[in-house]
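A.B. asks: Below is one structure. I have some questions about it.
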Amino acid sequence: MRTIDDRIVHELNTTVPTASFAGKIDASQTCKQLYESLMEAHASRDRVIKNCIAQTSSVVKHLREEREKNLDDLTLLKQLRKEQTKLKWMQSELNVEEVVNDRSWKVFNERCRIHFKPPKKE
């Protein structure tokens, strides 16, 4: 799901012209399309990660309730710990996502700032 972020530098280098080639390609349209692709990819990944966090949180809550009823069940404890670890991993993935997104927007703005102005966020 991070393909667009992984390839943004290459994409910008091959589609947004330097000053000497500016007349041959419509850089504003290219930057607009890249902006829309980035926005869509970032929103999609954010939605998927948050959905996974919500589902895993629900499982952890349920396992905690079961654990309180049956304190001697080691299998249940093991499963609870496994789900808690998964939840922490998913939450840390949100931080990774923020770093990836920041990097992509920095590169995008460096190359596209003179060709395209993103709409104001509400």
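Residues are referred to by chain and number: the chain letter is A, B, ... according to the order shown in the structure tokens, the number counts from 1 in that chain, and ligands are numbered separately from 1 in the order shown.
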To test your reading of the structure, identify every residue in chain A that backbone DSSP assigns to helix (DSSP H, G or I), and report it as JSON, numbers by chain.

C.D. replies: {"A": [3, 4, 5, 6, 8, 9, 10, 11, 12, 13, 14, 15, 19, 20, 21, 27, 28, 29, 30, 31, 32, 33, 34, 35, 36, 37, 38, 39, 40, 41, 42, 43, 44, 45, 46, 47, 48, 49, 50, 51, 52, 53, 54, 55, 56, 57, 58, 59, 60, 61, 62, 63, 64, 65, 66, 67, 68, 69, 74, 75, 76, 77, 78, 79, 80, 81, 82, 83, 84, 85, 86, 87, 88, 89, 90, 91, 92, 93, 94, 95, 96, 97, 98, 99, 100, 101, 102, 103, 104, 105, 106, 107, 108, 109, 110, 111, 112]}

A.B. asks: Would you write out, as a tab-separated table, a table of all residues in region 35-67 of chain A that have an atom no more than 12 Å from an atom of region 100-110 of chain A, listing for each the closest atom pair and the distance in Å to one decimal, considering only C-alpha atoms and ordering rows by chain and rising residue number?

C.D. replies:
residue	atom	partner	partner_atom	distance
A:Tyr35	CA	A:Phe108	CA	7.9
A:Glu36	CA	A:Phe108	CA	11.6
A:Ser37	CA	A:Ser104	CA	11.5
A:Leu38	CA	A:Ser104	CA	8.2
A:Met39	CA	A:Asn101	CA	9.5
A:Glu40	CA	A:Asn101	CA	11.8
A:Ala41	CA	A:Asn101	CA	9.7
A:His42	CA	A:Asn101	CA	7.1
A:Ala43	CA	A:Asn101	CA	10.3
A:Arg45	CA	A:Asn101	CA	10.4
A:Asp46	CA	A:Asn101	CA	10.4

A.B. asks: In Å to one decimal, how far is CA of Ser28 (chain A) from CA of Arg2 (chain A)?

C.D. replies: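 It comes out at 23.4 Å.
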
A.B. asks: Find the residues near region 32-34 of chain A: any atom within 9 Å, counting only C-alpha atoms, skip ones fewer than 4 places away on the same chain, and give them as number ranges by chain.

C.D. replies: A: 4, 8, 11-12, 27-28, 38-39, 108, 112, 115-118

A.B. asks: When you look at Glu93 (chain A) with a cut-off of 8 Å (counting only C-alpha atoms), what residues show up, excluding the ones that are within fewer than 4 positions of it in the same chain? I need them as a list in words.

C.D. replies: Ile49, Trp89 and Glu97 of chain A

A.B. asks: Export C-alpha atoms of the chosen residues as an mmCIF file, in the first residue's frame?

C.D. replies:
data_model
loop_
_atom_site.group_PDB
_atom_site.id
_atom_site.type_symbol
_atom_site.label_atom_id
_atom_site.label_comp_id
_atom_site.auth_asym_id
_atom_site.auth_seq_id
_atom_site.Cartn_x
_atom_site.Cartn_y
_atom_site.Cartn_z
ATOM 1 C CA ILE A 49 -4.770 0.727 10.036
ATOM 2 C CA TRP A 89 2.366 -3.129 16.793
ATOM 3 C CA GLU A 97 2.684 6.019 8.642
#

A.B. asks: State, in Å with one decimal place, the distance from CA of Arg47 (chain A) to CA of Leu63 (chain A).

C.D. replies: 24.4 Å

A.B. asks: CA of Lys69 (chain A) to CA of Met90 (chain A): how many Å, to one decimal?

C.D. replies: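 Taking CA of Lys69 (chain A) as the start and CA of Met90 (chain A) as the end point, the length is 27.1 Å.
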
A.B. asks: Which is closest to Cys31 (chain A) among A:Asn13, A:Gln91, A:Thr3, A:Ser44, if we use only C-alpha atoms?

C.D. replies: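 Nearest candidate to Cys31 (chain A) out of A:Asn13, A:Gln91, A:Thr3, A:Ser44: A:Asn13.
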
A.B. asks: Using only C-alpha atoms, pick whichever of A:Leu80, A:Leu87, A:Glu98, A:Gln29 has the shortest atom-to-atom distance to Asp5 (chain A).

C.D. replies: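 That would be A:Glu98, the residue with the smallest distance to Asp5 (chain A).
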
A.B. asks: Can you pull out every residue within 9 Å of Thr56 (chain A), counting only C-alpha atoms, but drop anything in the same chain fewer than 5 positions away, and send it as a PyMOL selection string?

C.D. replies: chain A and resi 51+61+83-84+86-87+90

A.B. asks: Can those selected residues be exported to a file as a short mmCIF file (atom, residue, chain, number, x, y, z; two decimals), in the first residue's frame so that it contains N, CA, C and O atoms?

C.D. replies:
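Dumped to selection27.cif:
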data_model
loop_
_atom_site.label_atom_id
_atom_site.label_comp_id
_atom_site.auth_asym_id
_atom_site.auth_seq_id
_atom_site.Cartn_x
_atom_site.Cartn_y
_atom_site.Cartn_z
N ASN A 51 -8.91 0.74 11.29
CA ASN A 51 -9.90 -0.34 11.34
C ASN A 51 -9.30 -1.58 12.02
O ASN A 51 -9.94 -2.21 12.86
N LYS A 61 -10.34 -6.48 24.45
CA LYS A 61 -11.36 -6.20 25.49
C LYS A 61 -12.11 -7.49 25.85
O LYS A 61 -12.31 -7.80 27.03
N GLU A 83 -2.59 -10.88 21.43
CA GLU A 83 -3.43 -9.82 20.85
C GLU A 83 -2.98 -8.44 21.32
O GLU A 83 -3.04 -7.48 20.56
N GLN A 84 -2.53 -8.33 22.57
CA GLN A 84 -2.03 -7.05 23.07
C GLN A 84 -0.77 -6.62 22.31
O GLN A 84 -0.61 -5.45 21.98
N LYS A 86 -0.06 -7.53 19.25
CA LYS A 86 -0.53 -7.15 17.91
C LYS A 86 -1.08 -5.72 17.93
O LYS A 86 -0.81 -4.93 17.03
N LEU A 87 -1.84 -5.39 18.96
CA LEU A 87 -2.42 -4.06 19.09
C LEU A 87 -1.33 -2.99 19.19
O LEU A 87 -1.39 -1.96 18.51
N MET A 90 0.26 -2.47 15.81
CA MET A 90 -0.61 -1.70 14.91
C MET A 90 -0.61 -0.22 15.29
O MET A 90 -0.63 0.65 14.41
#
